[in-house]
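Okay, start_37.cif is below, mmCIF, C-alpha atoms:
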data_start
loop_
_atom_site.label_atom_id
_atom_site.label_comp_id
_atom_site.auth_asym_id
_atom_site.auth_seq_id
_atom_site.Cartn_x
_atom_site.Cartn_y
_atom_site.Cartn_z
CA MET A 365 0.00 0.00 0.00
CA ASP A 366 1.36 3.43 -0.90
CA ASP A 367 0.64 6.61 1.09
CA PHE A 368 -2.43 7.45 -0.96
CA GLU A 369 -3.95 4.03 -0.32
CA LYS A 370 -3.11 4.31 3.38
CA GLU A 371 -4.82 7.69 3.52
CA LEU A 372 -7.82 6.20 1.70
CA ALA A 373 -7.97 3.28 4.13
CA LEU A 374 -7.92 5.77 7.01
CA ALA A 375 -10.66 7.84 5.41
CA LEU A 376 -12.75 4.71 4.92
CA GLU A 377 -12.65 3.42 8.47
CA ARG A 378 -15.98 2.07 9.60
CA ARG A 379 -18.35 4.66 11.02
CA PRO A 380 -20.27 3.90 14.20
CA ALA A 381 -23.89 3.17 13.36
CA PRO A 382 -26.45 5.61 14.76
CA PRO A 383 -28.25 4.26 17.85
CA SER A 384 -31.53 4.61 15.99
CA LEU A 385 -30.43 1.85 13.59
CA LYS A 386 -30.57 -1.01 16.08
CA ARG A 387 -33.62 0.50 17.77
CA GLY A 388 -35.38 0.65 14.39
CA VAL A 389 -34.39 -2.90 13.50
CA MET A 390 -35.64 -4.32 16.80
CA GLN A 391 -38.83 -2.27 16.60
CA ARG A 392 -39.60 -3.36 13.05
CA ARG A 393 -38.71 -6.94 13.95
CA GLY A 394 -41.16 -6.80 16.88
CA LEU A 395 -43.86 -5.31 14.67
CA ARG A 396 -43.26 -7.98 12.07
CA SER A 397 -43.55 -10.68 14.69
CA ILE A 398 -46.89 -9.21 15.88
CA GLU A 399 -47.99 -8.97 12.26
CA ARG A 400 -47.00 -12.59 11.70
CA ARG A 401 -48.91 -13.73 14.80
CA ARG A 402 -51.90 -11.68 13.70
CA SER A 403 -51.82 -13.14 10.22
CA THR A 404 -51.47 -16.67 11.67
CA TRP A 405 -54.48 -15.97 13.89
CA LEU A 406 -56.35 -14.64 10.83
CA VAL A 407 -55.51 -17.80 8.89
CA TRP A 408 -56.82 -19.95 11.76
CA GLN A 409 -59.92 -17.77 12.03
CA ARG A 410 -60.57 -18.12 8.32
CA ALA A 411 -59.94 -21.86 8.46
CA ALA A 412 -62.38 -22.18 11.38
CA ALA A 413 -64.98 -20.10 9.56
CA GLY A 414 -64.46 -22.20 6.43
CA LEU A 415 -64.82 -25.38 8.45
CA LEU A 416 -67.99 -24.09 10.07
CA VAL A 417 -69.47 -23.20 6.69
CA ALA A 418 -68.43 -26.61 5.32
CA VAL A 419 -70.03 -28.37 8.30
CA MET A 420 -73.20 -26.31 7.88
CA LEU A 421 -73.34 -27.00 4.15
CA GLY A 422 -72.64 -30.69 4.79
CA GLY A 423 -75.38 -30.77 7.44
CA ALA A 424 -77.80 -29.05 5.09
CA ALA A 425 -76.94 -31.45 2.29
CA GLU A 426 -77.35 -34.41 4.63
CA TRP A 427 -80.66 -33.06 5.89
CA ARG A 428 -81.83 -32.55 2.30
CA MET A 429 -80.75 -36.06 1.30
CA ARG A 430 -82.60 -37.52 4.28
CA LYS A 431 -85.66 -35.50 3.41
CA VAL A 432 -85.53 -36.69 -0.21
CA GLU A 433 -85.03 -40.27 0.98
CA GLN A 434 -87.94 -39.95 3.41
CA GLN A 435 -90.09 -38.55 0.61
CA ARG A 436 -89.01 -41.36 -1.65
CA GLN A 437 -89.81 -43.93 1.06
CA GLY A 438 -93.17 -42.23 1.71
CA GLU A 439 -93.97 -42.31 -2.01
CA GLU A 440 -92.95 -45.95 -2.16
CA ALA A 441 -95.10 -46.76 0.88
CA ARG A 442 -98.01 -44.84 -0.61
CA ARG A 443 -97.55 -46.66 -3.90
CA GLN A 444 -97.48 -50.01 -2.06
CA VAL A 445 -100.59 -49.10 -0.09
CA MET A 446 -102.31 -48.07 -3.29
CA THR A 447 -101.27 -51.34 -4.95
CA ALA A 448 -102.51 -53.26 -1.89
CA LEU A 449 -105.76 -51.31 -1.94
CA ARG A 450 -106.11 -51.94 -5.65
CA ILE A 451 -105.48 -55.68 -5.15
CA THR A 452 -107.87 -55.73 -2.19
CA GLY A 453 -110.44 -53.79 -4.18
CA HIS A 454 -110.00 -56.17 -7.05
CA ALA A 455 -110.33 -59.21 -4.70
CA LEU A 456 -113.41 -57.72 -3.05
CA GLY A 457 -114.86 -57.08 -6.49
CA GLU A 458 -114.20 -60.72 -7.36
CA VAL A 459 -115.84 -61.87 -4.11
CA ASN A 460 -118.78 -59.57 -4.68
CA ALA A 461 -119.20 -60.85 -8.23
CA GLN A 462 -119.02 -64.42 -6.96
CA LEU A 463 -121.65 -63.68 -4.28
CA ASN A 464 -123.89 -62.05 -6.87
CA ARG A 465 -123.51 -65.04 -9.16
CA ASN A 466 -124.35 -67.41 -6.29
CA ARG A 467 -127.43 -65.36 -5.35
CA GLY A 468 -128.57 -65.38 -8.96
CA GLY A 469 -128.17 -69.15 -9.04
CA GLU A 470 -130.36 -69.63 -5.97
CA MET B 1429 -27.47 -29.11 5.13
CA ALA B 1430 -27.35 -29.23 8.94
CA HIS B 1431 -24.94 -26.90 10.75
CA ASP B 1432 -24.06 -26.54 14.43
CA TRP B 1433 -23.85 -22.77 14.72
CA GLN B 1434 -27.06 -21.25 16.10
CA PRO B 1435 -26.87 -17.51 15.43
CA ASP B 1436 -28.62 -15.04 17.75
CA PHE B 1437 -30.03 -12.10 15.93
CA GLU B 1438 -29.33 -9.27 18.39
CA PRO B 1439 -25.60 -9.98 18.89
CA LEU B 1440 -25.25 -10.15 15.11
CA VAL B 1441 -26.80 -6.67 14.83
CA ASP B 1442 -24.49 -5.37 17.56
CA GLN B 1443 -21.46 -6.88 15.91
CA HIS B 1444 -22.09 -5.86 12.31
CA GLN B 1445 -24.20 -2.69 12.40
CA SER B 1446 -21.20 -0.43 11.95
CA MET B 1447 -19.97 -2.42 8.95
CA VAL B 1448 -23.38 -2.58 7.27
CA PHE B 1449 -24.14 1.09 7.93
CA SER B 1450 -20.72 2.25 6.69
CA LEU B 1451 -20.98 0.19 3.51
CA ALA B 1452 -24.46 1.52 2.76
CA LEU B 1453 -23.40 5.09 3.62
CA ARG B 1454 -20.39 5.00 1.31
CA MET B 1455 -22.39 3.39 -1.47
CA THR B 1456 -25.35 5.79 -1.27
CA GLY B 1457 -23.87 8.86 0.39
CA ASP B 1458 -27.09 9.48 2.31
CA ARG B 1459 -27.19 8.79 6.05
CA GLY B 1460 -30.97 8.42 6.15
CA LEU B 1461 -31.05 6.08 3.20
CA ALA B 1462 -28.03 4.16 4.53
CA GLU B 1463 -29.81 3.61 7.84
CA GLU B 1464 -32.95 2.47 6.04
CA ILE B 1465 -30.93 0.05 3.88
CA ALA B 1466 -29.08 -1.26 6.95
CA GLN B 1467 -32.38 -1.89 8.74
CA ASP B 1468 -33.78 -3.71 5.69
CA VAL B 1469 -30.61 -5.79 5.43
CA PHE B 1470 -30.82 -6.86 9.09
CA LEU B 1471 -34.50 -7.71 8.78
CA GLU B 1472 -33.67 -9.79 5.73
CA LEU B 1473 -30.94 -11.47 7.76
CA ASP B 1474 -33.55 -12.25 10.43
CA ARG B 1475 -35.71 -13.93 7.79
CA ASN B 1476 -32.74 -15.96 6.51
CA LEU B 1477 -31.10 -16.70 9.86
CA GLY B 1478 -31.69 -20.44 9.50
CA ARG B 1479 -29.51 -20.54 6.39
CA ILE B 1480 -26.51 -18.81 7.97
CA GLU B 1481 -23.92 -21.46 8.76
CA THR B 1482 -20.97 -19.71 10.40
CA PRO B 1483 -20.00 -16.25 11.73
CA ASP B 1484 -17.91 -15.73 8.58
CA HIS B 1485 -20.89 -16.68 6.45
CA ALA B 1486 -22.98 -14.08 8.30
CA CYS B 1487 -20.36 -11.40 7.59
CA TYR B 1488 -20.06 -12.40 3.93
CA TRP B 1489 -23.87 -12.50 3.58
CA LEU B 1490 -24.27 -9.05 5.15
CA ARG B 1491 -21.64 -7.46 2.90
CA ARG B 1492 -23.13 -9.02 -0.20
CA VAL B 1493 -26.73 -8.07 0.59
CA THR B 1494 -25.75 -4.55 1.69
CA ILE B 1495 -23.90 -3.86 -1.57
CA SER B 1496 -26.79 -5.31 -3.54
CA ARG B 1497 -29.49 -3.33 -1.65
CA SER B 1498 -27.43 -0.15 -1.94
CA SER B 1499 -27.15 -0.62 -5.71
CA ASP B 1500 -30.90 -1.17 -5.88
CA ALA B 1501 -31.50 2.02 -3.91
CA LEU B 1502 -29.16 3.99 -6.18
CA ARG B 1503 -30.92 2.60 -9.25
CA ARG B 1504 -34.32 3.56 -7.83
CA ARG B 1505 -33.06 7.05 -7.10
CA ARG B 1506 -31.61 7.39 -10.59
CA VAL B 1507 -34.95 6.35 -12.07
CA ARG B 1508 -36.58 9.06 -9.97
CA GLY B 1509 -33.95 11.51 -11.18
CA MET B 1510 -32.48 12.36 -7.79
CA ASP B 1511 -28.84 13.15 -7.22
CA LEU B 1512 -27.78 11.56 -3.96
CA TRP B 1513 -24.39 13.15 -3.84
CA VAL B 1514 -25.80 16.63 -3.71
CA ASP B 1515 -27.63 15.40 -0.64
CA LEU B 1516 -24.46 13.99 0.86
CA GLY B 1517 -22.44 17.09 0.42
CA GLU B 1518 -25.09 19.50 1.59
CA ALA B 1519 -26.92 17.62 4.27
CA HIS B 1520 -24.35 15.32 5.75
CA GLY B 1521 -21.05 16.92 5.05
CA ALA B 1522 -20.94 18.60 8.42
CA GLN B 1523 -21.41 15.32 10.30
CA ARG B 1524 -18.67 13.73 8.26
CA GLU B 1525 -16.25 16.55 8.92
CA GLU B 1526 -16.78 16.09 12.65
CA ARG B 1527 -15.63 12.50 12.62
CA SER B 1528 -12.67 12.36 10.28
CA SER B 1529 -9.74 14.49 9.23
CA PRO B 1530 -10.41 17.16 6.60
CA LEU B 1531 -8.35 15.21 4.06
CA GLY B 1532 -10.18 11.99 4.93
CA ALA B 1533 -13.52 13.70 4.55
CA ARG B 1534 -12.54 15.17 1.18
CA LEU B 1535 -11.20 11.82 -0.01
CA GLU B 1536 -14.38 10.14 1.11
CA HIS B 1537 -16.39 12.74 -0.75
CA LEU B 1538 -14.31 12.29 -3.90
CA LEU B 1539 -14.90 8.57 -3.64
CA THR B 1540 -18.60 9.23 -3.92
CA THR B 1541 -18.08 10.75 -7.37
CA LEU B 1542 -16.68 7.49 -8.80
CA PRO B 1543 -18.78 5.09 -10.90
CA GLU B 1544 -20.76 2.68 -8.72
CA ALA B 1545 -18.82 -0.52 -9.50
CA GLN B 1546 -15.47 1.16 -8.86
CA ARG B 1547 -16.78 2.74 -5.67
CA ALA B 1548 -18.07 -0.63 -4.41
CA ALA B 1549 -14.74 -2.31 -5.17
CA LEU B 1550 -12.74 0.43 -3.44
CA VAL B 1551 -15.01 0.51 -0.38
CA LEU B 1552 -14.76 -3.26 0.02
CA ARG B 1553 -10.99 -3.11 -0.49
CA TYR B 1554 -10.16 -0.20 1.81
CA GLN B 1555 -13.01 -0.18 4.32
CA GLU B 1556 -13.36 -3.93 4.70
CA ASP B 1557 -9.77 -4.80 3.82
CA LEU B 1558 -10.89 -7.56 1.45
CA LEU B 1559 -8.74 -9.17 -1.21
CA PRO B 1560 -9.81 -8.91 -4.85
CA GLU B 1561 -10.90 -12.58 -4.76
CA GLU B 1562 -13.13 -11.89 -1.76
CA ILE B 1563 -14.53 -8.75 -3.40
CA ALA B 1564 -15.31 -10.79 -6.52
CA ALA B 1565 -17.26 -13.26 -4.37
CA VAL B 1566 -19.18 -10.50 -2.55
CA MET B 1567 -20.02 -8.66 -5.76
CA ASP B 1568 -20.63 -11.84 -7.72
CA ALA B 1569 -18.33 -10.53 -10.46
CA PRO B 1570 -15.36 -11.99 -12.35
CA LEU B 1571 -12.00 -11.47 -10.64
CA ALA B 1572 -10.61 -9.65 -13.70
CA THR B 1573 -13.50 -7.18 -13.58
CA VAL B 1574 -12.92 -6.50 -9.90
CA LYS B 1575 -9.17 -5.98 -10.42
CA SER B 1576 -9.90 -3.64 -13.29
CA ASN B 1577 -12.46 -1.71 -11.21
CA LEU B 1578 -9.96 -1.40 -8.37
CA GLN B 1579 -7.20 -0.14 -10.66
CA ARG B 1580 -9.39 2.27 -12.58
CA GLY B 1581 -11.12 3.50 -9.46
CA LEU B 1582 -7.85 4.15 -7.70
CA LYS B 1583 -6.41 5.89 -10.74
CA LEU B 1584 -9.48 8.08 -11.12
CA LEU B 1585 -9.46 8.89 -7.42
CA ARG B 1586 -5.77 9.83 -7.56
CA ALA B 1587 -6.48 12.10 -10.51
CA LYS B 1588 -9.39 13.75 -8.72
CA ALA B 1589 -7.33 14.10 -5.55
CA ALA B 1590 -4.50 15.71 -7.55
CA HIS B 1591 -6.99 18.22 -8.88
CA HIS B 1592 -9.11 18.91 -5.80
CA LEU B 1593 -6.86 18.24 -2.81
CA ARG B 1594 -3.71 20.13 -3.58
CA GLU B 1595 -3.76 21.94 -0.25
CA PHE B 1596 -3.70 18.62 1.65
CA VAL B 1597 -1.38 16.59 -0.48
CA ARG B 1598 1.47 15.02 1.38
CA PHE B 1599 1.54 11.79 -0.60
CA ASP B 1600 2.81 11.24 -4.09
CA LEU B 1601 -0.29 11.19 -6.27
CA ASN B 1602 1.52 9.53 -9.12
CA GLU B 1603 2.49 6.57 -6.98
CA GLY B 1604 1.07 3.30 -8.30
CA ALA B 1605 -0.43 5.08 -11.33
#
Kindly present the structure from the file in structure tokens form.
Amino acid sequence: MDDFEKELALALERRPAPPSLKRGVMQRRGLRSIERRRSTWLVWQRAAAGLLVAVMLGGAAEWRMRKVEQQRQGEEARRQVMTALRITGHALGEVNAQLNRNRGGE
Amino acid sequence: MAHDWQPDFEPLVDQHQSMVFSLALRMTGDRGLAEEIAQDVFLELDRNLGRIETPDHACYWLRRVTISRSSDALRRRRVRGMDLWVDLGEAHGAQREERSSPLGARLEHLLTTLPEAQRAALVLRYQEDLLPEEIAAVMDAPLATVKSNLQRGLKLLRAKAAHHLREFVRFDLNEGA
């Protein structure tokens, strides 16, 4: 190193950082940590809300399916009753016709 | 890759704040901006703390990121058409004069008039006492480019010093030219 370079090295010695630098870093770091916690909490809140909505939608869908199934079973039962009534009606008609024929024969 | 060293953030700030601040100050010439850059660099370090393997790695990482963030800041300022060095001379000159010799302060100011790559190379060489190979690693530049920047920067600085610092000159400005 010649004299000029030595003088340059002296001129370029490290400067002490202002106290506000570290204070600012620690402050911003703290804020970021709060922000991170808040955003984590927000994510959990949103997840919980999403889960609640999903459960409600699932419950509603389940309720609807049960209702449809009950309706279907009711329709089926009604259809069976109607068939039974029709068969019974038909049988009674047969019996009645038979009775009428027997009375006519007497 | 697993590493044994578990860095603590606050001691790292204590240890390196002067280095980071001085690098940013000499790259940008603006104390306010330098402090802002230094804060950003340390917060970035905090985010990347898990990847820092050794104390030397931390130092290397800080130098590299500080130079890079300072260049980004200078680029942004250029885009906005602001001249940082006017700011340095007018707003912060007095503070600089307080802390170093008049010749040192003038030399430091002349340094700020050099092209950015030459300034970065000279600051890393004479502030951080790095070898050209280490500067090349920090700046992610070929060794030949760094050597050329060092030579040209030093030559330009000598020429400027010969022109502007006649009243202080006690060294041979043609030395090493």
What are the residues of chain A that have an atom within 10 Å of an atom of chain B, counting all atoms listed in the file, as a ChimeraX atom specification?
/A:365-390,392-393,396
Draw an axis-aligned box tight on the listed atoms of stretch 1457-1462 of chain B, then pad every side by 5 Å and write out centre and edge lengths in Å to one decimal as AutoDock Vina command-line options.
--center_x -27.5 --center_y 6.8 --center_z 3.3 --size_x 17.2 --size_y 15.3 --size_z 15.8
When you draw a straight line from atom CA of A:Ala441 to atom CA of A:Gly453, how long is it in Å?
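So the two atoms, atom CA of A:Ala441 and atom CA of A:Gly453, lie 17.6 Å apart.
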Just give me the gap between atom CA of B:Ala1486 and atom CA of B:Asp1500 in Å, one decimal is fine.
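About the pair atom CA of B:Ala1486 and atom CA of B:Asp1500: they are 20.7 Å apart.
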